[in-house]
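Notes follow once the structure below has been shown.
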Amino acid sequence: MKKFFTTLSISIILFSTILASAETLPFRVTNETGYPFFAVFISHESELSWGKDFLGAGVLMSGETKTFYVDNSEYNSTIYDVQFVDIDGDTYTFYGCIRTNSSVTLRLRDMD
């Protein structure tokens, strides 16, 4: 009986972990522009506005790689748009780019 409850508990924990990870999408960004970024906006493809700044008060320095975690719990698709804003206010926008374990490398040629 004790073995049954232990197995059941482990199964519940594993199932919960799988569900939680399905709702959170990691998105890795590498900045190779030579400029720091002060804003990273990520929104689902169906949204009309950019929403929150994922960097907050942080900075994505040139040469730095950072992983952002996008909450996907309210959508049926994992397609997101991302916009980066550098120190000069220049934008770098990528449409339809986030899927499971996505990544992007920012370069000067990606500027809007």
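As shown in the structure tokens, the chain order sets the letters A, B, ...; within each chain, residues go from 1, and ligands are also counted from 1 in the order they appear.
Counting only C-alpha atoms, segment 53-60 of chain A has the following residues at most 6 Å away, ignoring those fewer than 4 positions along the same chain: Pro36, Phe37, Phe38, Ala39, Val40 and Phe41 of chain A.
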Show which residues sit within 7 Å of segment 62-64 of chain A, as a PDB file with N, CA and C atoms, in the first residue's frame. Count only C-alpha atoms, and ignore same-chain residues fewer than 2 positions away.
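Wrote selection32.pdb, looks like this:
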ATOM      1  N   THR A  30      20.199  36.498 -27.784  1.00  0.00           N
ATOM      2  CA  THR A  30      21.606  36.893 -27.739  1.00  0.00           C
ATOM      3  C   THR A  30      21.728  38.223 -28.473  1.00  0.00           C
ATOM      4  N   ASN A  31      22.321  39.199 -27.807  1.00  0.00           N
ATOM      5  CA  ASN A  31      22.478  40.537 -28.369  1.00  0.00           C
ATOM      6  C   ASN A  31      23.867  40.682 -28.972  1.00  0.00           C
ATOM      7  N   GLU A  32      23.935  40.739 -30.304  1.00  0.00           N
ATOM      8  CA  GLU A  32      25.209  40.940 -31.005  1.00  0.00           C
ATOM      9  C   GLU A  32      25.188  42.226 -31.827  1.00  0.00           C
ATOM     10  N   THR A  33      24.446  43.227 -31.372  1.00  0.00           N
ATOM     11  CA  THR A  33      24.309  44.480 -32.120  1.00  0.00           C
ATOM     12  C   THR A  33      25.394  45.498 -31.816  1.00  0.00           C
ATOM     13  N   GLY A  34      26.029  45.378 -30.660  1.00  0.00           N
ATOM     14  CA  GLY A  34      26.974  46.400 -30.235  1.00  0.00           C
ATOM     15  C   GLY A  34      26.308  47.473 -29.380  1.00  0.00           C
ATOM     16  N   TYR A  35      24.989  47.365 -29.185  1.00  0.00           N
ATOM     17  CA  TYR A  35      24.225  48.340 -28.394  1.00  0.00           C
ATOM     18  C   TYR A  35      23.434  47.631 -27.302  1.00  0.00           C
ATOM     19  N   PRO A  36      23.260  48.285 -26.159  1.00  0.00           N
ATOM     20  CA  PRO A  36      22.408  47.692 -25.122  1.00  0.00           C
ATOM     21  C   PRO A  36      20.926  47.877 -25.452  1.00  0.00           C
ATOM     22  N   LEU A  60      19.727  44.476 -21.488  1.00  0.00           N
ATOM     23  CA  LEU A  60      20.343  43.371 -22.221  1.00  0.00           C
ATOM     24  C   LEU A  60      21.558  43.947 -22.940  1.00  0.00           C
ATOM     25  N   LYS A  66      20.227  36.124 -22.726  1.00  0.00           N
ATOM     26  CA  LYS A  66      19.257  36.088 -21.630  1.00  0.00           C
ATOM     27  C   LYS A  66      18.079  35.219 -22.063  1.00  0.00           C
TER      28      LYS A  66
END
Checklist entry - Asn72 of chain A: which residues within 6 Å, counting only C-alpha atoms, same-chain residues fewer than 3 positions away excluded, as a ChimeraX atom specification? => result /A:23-24,75
Go ahead and write the selection's residues with C-alpha atoms as a PDB file, in the first residue's frame.
ATOM      1  CA  GLU A  23       2.329  26.752 -20.087  1.00  0.00           C
ATOM      2  CA  THR A  24       5.743  28.420 -19.929  1.00  0.00           C
ATOM      3  CA  TYR A  75      -3.523  30.629 -25.645  1.00  0.00           C
TER       4      TYR A  75
END
Test item: residues at most 10 Å from Phe27 of chain A, only C-alpha atoms, excluding those fewer than 2 positions along its chain, as an mmCIF file with C-alpha atoms, in the first residue's frame:
data_model
loop_
_atom_site.group_PDB
_atom_site.id
_atom_site.type_symbol
_atom_site.label_atom_id
_atom_site.label_comp_id
_atom_site.auth_asym_id
_atom_site.auth_seq_id
_atom_site.Cartn_x
_atom_site.Cartn_y
_atom_site.Cartn_z
ATOM 1 C CA THR A 24 5.743 28.420 -19.929
ATOM 2 C CA LEU A 25 7.788 28.909 -23.081
ATOM 3 C CA VAL A 29 17.997 36.088 -26.868
ATOM 4 C CA ILE A 42 6.693 39.925 -26.130
ATOM 5 C CA LYS A 66 19.257 36.088 -21.630
ATOM 6 C CA THR A 67 16.333 33.673 -21.392
ATOM 7 C CA PHE A 68 12.801 34.995 -20.974
ATOM 8 C CA TYR A 69 9.876 32.820 -19.922
ATOM 9 C CA VAL A 70 6.551 33.497 -21.621
ATOM 10 C CA CYS A 97 9.133 33.700 -33.665
ATOM 11 C CA ILE A 98 8.496 32.045 -30.313
ATOM 12 C CA ARG A 99 7.760 28.381 -30.218
ATOM 13 C CA THR A 100 9.001 25.769 -27.778
ATOM 14 C CA ASN A 101 12.666 26.412 -26.931
ATOM 15 C CA SER A 102 13.064 29.252 -29.427
ATOM 16 C CA SER A 103 16.030 31.563 -29.668
ATOM 17 C CA VAL A 104 17.040 34.644 -31.631
#
Checklist entry - Which value, in Å to one decimal, gives the distance between atom CA of Thr78 of chain A and atom CA of Pro26 of chain A? => result 10.8 Å
Item to check | Among the residues A:Arg107, A:Asp71, A:Asp112, A:Ser77, the one that comes closest to Gly89 of chain A [using only C-alpha atoms] | outcome: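 Smallest separation from Gly89 of chain A among the options: A:Asp112.
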